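Encoded as C-alpha cells, the structure appears first; notes follow it.
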Amino acid sequence: MKTEQMPQSNLPEKGPEYKGDNLLAKIAMFFAKIAEKWLPDAFVFAVLLTVITFLGGMFITSSSPFEMMTHWGDGMWSLLTFTAQIITTFIMSYALALTKPVARGLEKVANLCKTPNTAIIVVTFSALVASLISWAFGLVVAGIMAKLVAKKVHDVDYRVLVAAGYSGFVIWEGGLSSSPALFVATEGHNFQEMVGLIPTSTTLFSTINIIIVCVVFFTLPFVMKLIHPKKKEDRFIIDQQLLQEEVEEVQEEKRNTLNDKLDRSRSIVMIGGLLGLVYLVNHFYTNGFSLDLNTVNLIFLTFVLLLYGNVKELGSGLKKASGSVGQFALQYPFYAGIMGMMTASGLAIWISNVFADIATSKTLPVFTFFAAGILNMFVPSGGGQWAIQAPIFLPAAMELGVDPAKIVLAVAWGDAWTNMIQPFWALPLLAIAGLKIRDIMGFTVITLLYTGIIISAVFLFLG
C-alpha cells in the first residue's frame, strides 16, 4: 500500500480567516495552521515527552538524574508482552478488514457518499461503530474508509476526512475492548481484595457510559461536518494517484503438486478457524463474557482464518497489514520508559494526588477523568494508566463513598479523550491514509474540546 506523505506545498496558503465558514470551521483551521507549523513528527513528540518526564521527576519528586535514567532504562522493556499483543491486535484487525466480505461491505458503505458532507458523516460513523467493537478495528476502518471515500468524493478536504475517522477512535474505551473495564471484570485482578469483581454491567453497560456513548455517537459526525471548509479553494484535495493501491503482480507457475494444492486449499485455513471458534465458544460458555487482549486477538485471528480463501491469500493480507506497525515497535519502548519514570519516581502518583486531594464525592469522577487525560499524554495505554491511577483513586472512592465502577469509567474515558492530541495511536491510521500527524491534529483538537465538555458534564452531574 502506498504511504506517500501529503505534499505540504499543496495546502491552502490562507491565514486563519476563512470567509464563508462558520465559527467552528474557522477555529479548526486556526488549530490546523498551528499544528501544520509547530507539531513535530510523532517520534520527536515521544522523545520530547521523555525529556519533560525526566525533568519533571527531577524537579517535582527530587529524583536524581541517575535515578531517572535508571527508571527509564528499567521501564523500557517492561511492556514487551503488551507491545506484542497490541501489534498482533492491529495486524489481525487490518487483515480482517482486507478480507473479501469485509472489504465489500466497506465499499458499499463508501458508495453512500456523494458530497463532502456525507463523506465526513459516513467516515466518522464508520469509525465510531468499528471503535466500539475494537480500538484496532476502529483505526483500520477509519483509514481504509477515508481512502475509499476520497476516491469517490473528489472535492472533500482529505485532511478533515482522515481527522474525522480518527475522531471516531475517541469512543473506543466505552466499547467492548475497554482495558480498565475488562481488567476489573477479570477474576484475580490486582485490586479485587479492595473492590471485588466489577462486572461490565456496572461499567460498559451502565447509565453513565451509555449516555456518553450515545451522545458522542449521534452528534460527533455532525460536528466534524461543520469544520469542513466551505470553499473549495480552502480545501486540500488529495491527488487521486496517491490513493491507488500498489498491486504486486507475481507470476507463479500453477502446479498440480501436493504442496501447491495445500497452499490453495480453503480447508487448511478453515481447520485453524474452526479450532479457534470451538475454543472461543467453550471459553465464553465456561467464563461468561470475559474478554482480555489475548481473547480479543484470538477472535480476530479466528475470523481472519474463516474469511480468507486460502493460505496464499492469507499471507498476502498479513503482509500488507504488517507494513503499518513499524512505529509501534519503535515508539512503544520509549513510552514504556516514560511510564517507568512516571511510576518509579512517583511523578504519576503526584499528578493523581493533586486531583484526588481536592476532590469531593461529587467531583472525584470528573477529577479522575482529568488526571487520566493528562497521564495519557505520557502513558498512552489504558491498562498502564489503570495500574498507575487505581491505587490512588480507588481508595479515595471507598473513603468518599463513590462507586468504584465510576472511577473505572473515568480512567477509561480520560485515556481515550486525549488521544485526540496524542499522536501515538494515530500512527497506523496515518500509515494507511498516507498523511502526517501535523496534517490532522489541528482538526482533532475540536473533537478533544467537544467530547471533553460532554464527558465532563456527564461525570459531574451523574458521577
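For the C-alpha cells, the naming scheme is as follows: chains receive sequential letters (A, B, ...) according to their order of presentation, residues are indexed from 1 within each chain, and ligands are indexed from 1 in presentation order.
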
message = Set the distance at 12 Å and use only C-alpha atoms: which residues neighbour A:Phe461 once local chain neighbours fewer than 2 positions away are removed? I'd like the list as a PyMOL selection string.
response = chain A and resi 208+211+361-366+454-459+463

Keeping only all heavy atoms, write those residues as an mmCIF file, in the first residue's frame.
data_model
loop_
_atom_site.group_PDB
_atom_site.id
_atom_site.type_symbol
_atom_site.label_atom_id
_atom_site.label_comp_id
_atom_site.auth_asym_id
_atom_site.auth_seq_id
_atom_site.Cartn_x
_atom_site.Cartn_y
_atom_site.Cartn_z
ATOM 1 N N ILE A 208 -24.252 5.856 32.885
ATOM 2 C CA ILE A 208 -23.269 6.896 32.562
ATOM 3 C C ILE A 208 -22.590 6.599 31.232
ATOM 4 O O ILE A 208 -22.500 7.461 30.348
ATOM 5 C CB ILE A 208 -22.221 7.016 33.687
ATOM 6 C CG1 ILE A 208 -22.834 7.683 34.918
ATOM 7 C CG2 ILE A 208 -20.996 7.806 33.218
ATOM 8 C CD1 ILE A 208 -21.874 7.818 36.080
ATOM 9 N N ILE A 211 -24.958 6.872 28.183
ATOM 10 C CA ILE A 211 -25.266 8.264 27.821
ATOM 11 C C ILE A 211 -24.109 8.885 27.059
ATOM 12 O O ILE A 211 -24.297 9.536 26.013
ATOM 13 C CB ILE A 211 -25.584 9.087 29.087
ATOM 14 C CG1 ILE A 211 -26.940 8.662 29.667
ATOM 15 C CG2 ILE A 211 -25.587 10.583 28.768
ATOM 16 C CD1 ILE A 211 -27.287 9.341 30.978
ATOM 17 N N SER A 361 -16.958 13.866 46.978
ATOM 18 C CA SER A 361 -17.695 12.716 46.450
ATOM 19 C C SER A 361 -18.367 13.044 45.117
ATOM 20 O O SER A 361 -18.561 12.172 44.271
ATOM 21 C CB SER A 361 -18.750 12.255 47.463
ATOM 22 O OG SER A 361 -19.660 13.308 47.753
ATOM 23 N N LYS A 362 -18.709 14.307 44.907
ATOM 24 C CA LYS A 362 -19.366 14.715 43.666
ATOM 25 C C LYS A 362 -18.368 14.909 42.522
ATOM 26 O O LYS A 362 -18.660 14.614 41.365
ATOM 27 C CB LYS A 362 -20.157 16.012 43.888
ATOM 28 C CG LYS A 362 -20.938 16.480 42.659
ATOM 29 C CD LYS A 362 -21.773 17.694 42.989
ATOM 30 C CE LYS A 362 -22.551 18.201 41.768
ATOM 31 N NZ LYS A 362 -23.472 17.189 41.239
ATOM 32 N N THR A 363 -17.173 15.402 42.864
ATOM 33 C CA THR A 363 -16.219 15.763 41.807
ATOM 34 C C THR A 363 -15.141 14.708 41.557
ATOM 35 O O THR A 363 -14.376 14.850 40.602
ATOM 36 C CB THR A 363 -15.524 17.092 42.165
ATOM 37 O OG1 THR A 363 -14.812 16.938 43.414
ATOM 38 C CG2 THR A 363 -16.529 18.218 42.276
ATOM 39 N N LEU A 364 -15.065 13.667 42.404
ATOM 40 C CA LEU A 364 -13.992 12.687 42.231
ATOM 41 C C LEU A 364 -13.985 12.057 40.832
ATOM 42 O O LEU A 364 -12.911 11.952 40.212
ATOM 43 C CB LEU A 364 -14.082 11.604 43.300
ATOM 44 C CG LEU A 364 -12.956 10.553 43.256
ATOM 45 C CD1 LEU A 364 -11.610 11.205 43.524
ATOM 46 C CD2 LEU A 364 -13.217 9.425 44.259
ATOM 47 N N PRO A 365 -15.133 11.605 40.280
ATOM 48 C CA PRO A 365 -15.081 11.009 38.940
ATOM 49 C C PRO A 365 -14.553 11.966 37.871
ATOM 50 O O PRO A 365 -13.748 11.568 37.027
ATOM 51 C CB PRO A 365 -16.542 10.624 38.674
ATOM 52 C CG PRO A 365 -17.118 10.394 40.028
ATOM 53 C CD PRO A 365 -16.475 11.447 40.892
ATOM 54 N N VAL A 366 -14.986 13.222 37.904
ATOM 55 C CA VAL A 366 -14.544 14.146 36.861
ATOM 56 C C VAL A 366 -13.067 14.506 37.036
ATOM 57 O O VAL A 366 -12.321 14.653 36.058
ATOM 58 C CB VAL A 366 -15.432 15.410 36.824
ATOM 59 C CG1 VAL A 366 -15.161 16.342 37.996
ATOM 60 C CG2 VAL A 366 -15.245 16.159 35.508
ATOM 61 N N ILE A 454 -18.687 17.183 26.929
ATOM 62 C CA ILE A 454 -19.747 16.184 27.128
ATOM 63 C C ILE A 454 -19.404 15.241 28.272
ATOM 64 O O ILE A 454 -20.198 15.021 29.200
ATOM 65 C CB ILE A 454 -19.958 15.369 25.834
ATOM 66 C CG1 ILE A 454 -20.560 16.260 24.747
ATOM 67 C CG2 ILE A 454 -20.879 14.170 26.092
ATOM 68 C CD1 ILE A 454 -20.606 15.598 23.395
ATOM 69 N N ILE A 455 -18.198 14.664 28.223
ATOM 70 C CA ILE A 455 -17.813 13.661 29.214
ATOM 71 C C ILE A 455 -17.722 14.278 30.604
ATOM 72 O O ILE A 455 -18.198 13.699 31.587
ATOM 73 C CB ILE A 455 -16.470 13.015 28.819
ATOM 74 C CG1 ILE A 455 -16.602 12.324 27.459
ATOM 75 C CG2 ILE A 455 -16.036 11.994 29.877
ATOM 76 C CD1 ILE A 455 -15.271 11.917 26.841
ATOM 77 N N SER A 456 -17.142 15.475 30.687
ATOM 78 C CA SER A 456 -17.027 16.153 31.987
ATOM 79 C C SER A 456 -18.400 16.424 32.581
ATOM 80 O O SER A 456 -18.630 16.215 33.782
ATOM 81 C CB SER A 456 -16.264 17.473 31.822
ATOM 82 O OG SER A 456 -14.966 17.264 31.335
ATOM 83 N N ALA A 457 -19.315 16.892 31.750
ATOM 84 C CA ALA A 457 -20.654 17.216 32.235
ATOM 85 C C ALA A 457 -21.379 15.969 32.751
ATOM 86 O O ALA A 457 -22.021 16.013 33.806
ATOM 87 C CB ALA A 457 -21.469 17.866 31.108
ATOM 88 N N VAL A 458 -21.257 14.857 32.024
ATOM 89 C CA VAL A 458 -21.920 13.627 32.460
ATOM 90 C C VAL A 458 -21.351 13.149 33.791
ATOM 91 O O VAL A 458 -22.093 12.794 34.719
ATOM 92 C CB VAL A 458 -21.801 12.528 31.384
ATOM 93 C CG1 VAL A 458 -22.348 11.202 31.917
ATOM 94 C CG2 VAL A 458 -22.562 12.933 30.125
ATOM 95 N N PHE A 459 -20.035 13.146 33.914
ATOM 96 C CA PHE A 459 -19.421 12.701 35.175
ATOM 97 C C PHE A 459 -19.731 13.655 36.333
ATOM 98 O O PHE A 459 -19.901 13.220 37.469
ATOM 99 C CB PHE A 459 -17.909 12.555 35.015
ATOM 100 C CG PHE A 459 -17.475 11.250 34.410
ATOM 101 C CD1 PHE A 459 -16.734 11.211 33.244
ATOM 102 C CD2 PHE A 459 -17.822 10.045 34.996
ATOM 103 C CE1 PHE A 459 -16.341 10.013 32.691
ATOM 104 C CE2 PHE A 459 -17.440 8.834 34.453
ATOM 105 C CZ PHE A 459 -16.703 8.820 33.289
ATOM 106 N N GLY A 463 -22.001 11.532 38.146
ATOM 107 C CA GLY A 463 -20.943 10.783 38.817
ATOM 108 C C GLY A 463 -21.116 10.737 40.313
ATOM 109 O O GLY A 463 -20.613 9.837 40.966
#

inquiry  = Could you go through stretch 240-409 of chain A and tell me which residues DSSP, when run on the backbone, assigns to helix (DSSP H, G or I), listing them as a ChimeraX atom specification?
reply    = /A:240-243,258-263,266-287,293-307,311-322,326-344,347-358,364-376,382-400,404-409

message = Which residues are near A:Cys214? Cut-off 12 Å, only C-alpha atoms, ignore same chain within fewer than 6 positions. Put them as a list in words.
response = Phe125, Leu128, Val129, Leu132, Ile171, Gly174, Gly175, Phe205, Thr207, Ile208, Leu220, Thr451, Ile454, Ile455 and Val458 of chain A

Could you give me, as a tab-separated table, every stretch 161-229 of chain A residue with an atom at most 12 Å from stretch 404-418 of chain A, plus its closest atom pair and distance in Å to one decimal, counting only C-alpha atoms, rows ordered by chain then number?
residue	atom	partner	partner_atom	distance
A:Tyr166	CA	A:Ala416	CA	11.4
A:Ser167	CA	A:Trp417	CA	9.7
A:Gly168	CA	A:Ala416	CA	10.5
A:Phe169	CA	A:Ala416	CA	7.7
A:Val170	CA	A:Ala416	CA	5.3
A:Ile171	CA	A:Ala416	CA	6.9
A:Trp172	CA	A:Ala416	CA	6.8
A:Glu173	CA	A:Ala412	CA	5.5
A:Gly174	CA	A:Trp413	CA	7.0
A:Gly175	CA	A:Ala412	CA	10.1
A:Leu176	CA	A:Ala412	CA	11.9
A:Ser177	CA	A:Ala412	CA	10.6
A:Ser178	CA	A:Ala412	CA	6.9
A:Ser179	CA	A:Ala412	CA	7.3
A:Pro180	CA	A:Val408	CA	6.0
A:Ala181	CA	A:Val408	CA	6.3
A:Leu182	CA	A:Val408	CA	9.8
A:Phe183	CA	A:Val408	CA	9.5
A:Val184	CA	A:Val408	CA	8.1
A:Ala185	CA	A:Ala405	CA	10.2
A:Phe191	CA	A:Pro404	CA	10.8
A:Gln192	CA	A:Pro404	CA	11.4
A:Met194	CA	A:Pro404	CA	9.8
A:Val195	CA	A:Pro404	CA	7.1
A:Gly196	CA	A:Pro404	CA	9.8
A:Leu197	CA	A:Ala405	CA	9.9
A:Ile198	CA	A:Ala405	CA	6.6
A:Pro199	CA	A:Ala405	CA	8.6
A:Thr200	CA	A:Ala405	CA	8.9
A:Ser201	CA	A:Ala405	CA	9.6
A:Thr202	CA	A:Ala405	CA	6.2
A:Thr203	CA	A:Ala405	CA	5.6
A:Leu204	CA	A:Leu409	CA	7.8
A:Phe205	CA	A:Leu409	CA	10.6
A:Ser206	CA	A:Ala405	CA	8.9
A:Thr207	CA	A:Lys406	CA	10.5
A:Ile208	CA	A:Lys406	CA	8.2
A:Asn209	CA	A:Leu409	CA	7.3
A:Ile210	CA	A:Leu409	CA	11.1
A:Ile212	CA	A:Trp413	CA	9.5
A:Val213	CA	A:Trp413	CA	10.3
A:Val216	CA	A:Trp417	CA	11.5

inquiry  = Set the distance at 7 Å and use only C-alpha atoms: which residues neighbour stretch 81-90 of chain A once local chain neighbours fewer than 3 positions away are removed? I'd like the list as a list in words.
reply    = Ser93, Tyr94, Ala136, Leu293, Asn297, Val325 and Tyr332 of chain A

Residue subset to file, keeping N, CA and C atoms, as a CSV table (one decimal), in the first residue's frame:
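Output saved as part_8.csv:
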chain,number,residue,atom,x,y,z
A,93,SER,N,-6.6,-7.1,13.0
A,93,SER,CA,-7.8,-6.2,12.6
A,93,SER,C,-7.6,-5.8,11.2
A,94,TYR,N,-6.4,-5.4,10.8
A,94,TYR,CA,-6.2,-4.9,9.4
A,94,TYR,C,-6.4,-6.0,8.4
A,136,ALA,N,-8.4,-1.3,17.7
A,136,ALA,CA,-7.6,-1.5,16.5
A,136,ALA,C,-8.5,-1.5,15.2
A,293,LEU,N,-7.0,-9.1,26.2
A,293,LEU,CA,-6.3,-8.9,24.9
A,293,LEU,C,-6.1,-10.2,24.1
A,297,ASN,N,-7.6,-11.0,20.5
A,297,ASN,CA,-6.7,-11.4,19.4
A,297,ASN,C,-7.1,-12.7,18.8
A,325,VAL,N,3.0,-1.3,11.2
A,325,VAL,CA,3.2,-1.4,12.6
A,325,VAL,C,4.6,-1.1,13.1
A,332,TYR,N,6.9,2.3,21.2
A,332,TYR,CA,6.4,1.8,22.5
A,332,TYR,C,7.4,1.6,23.6
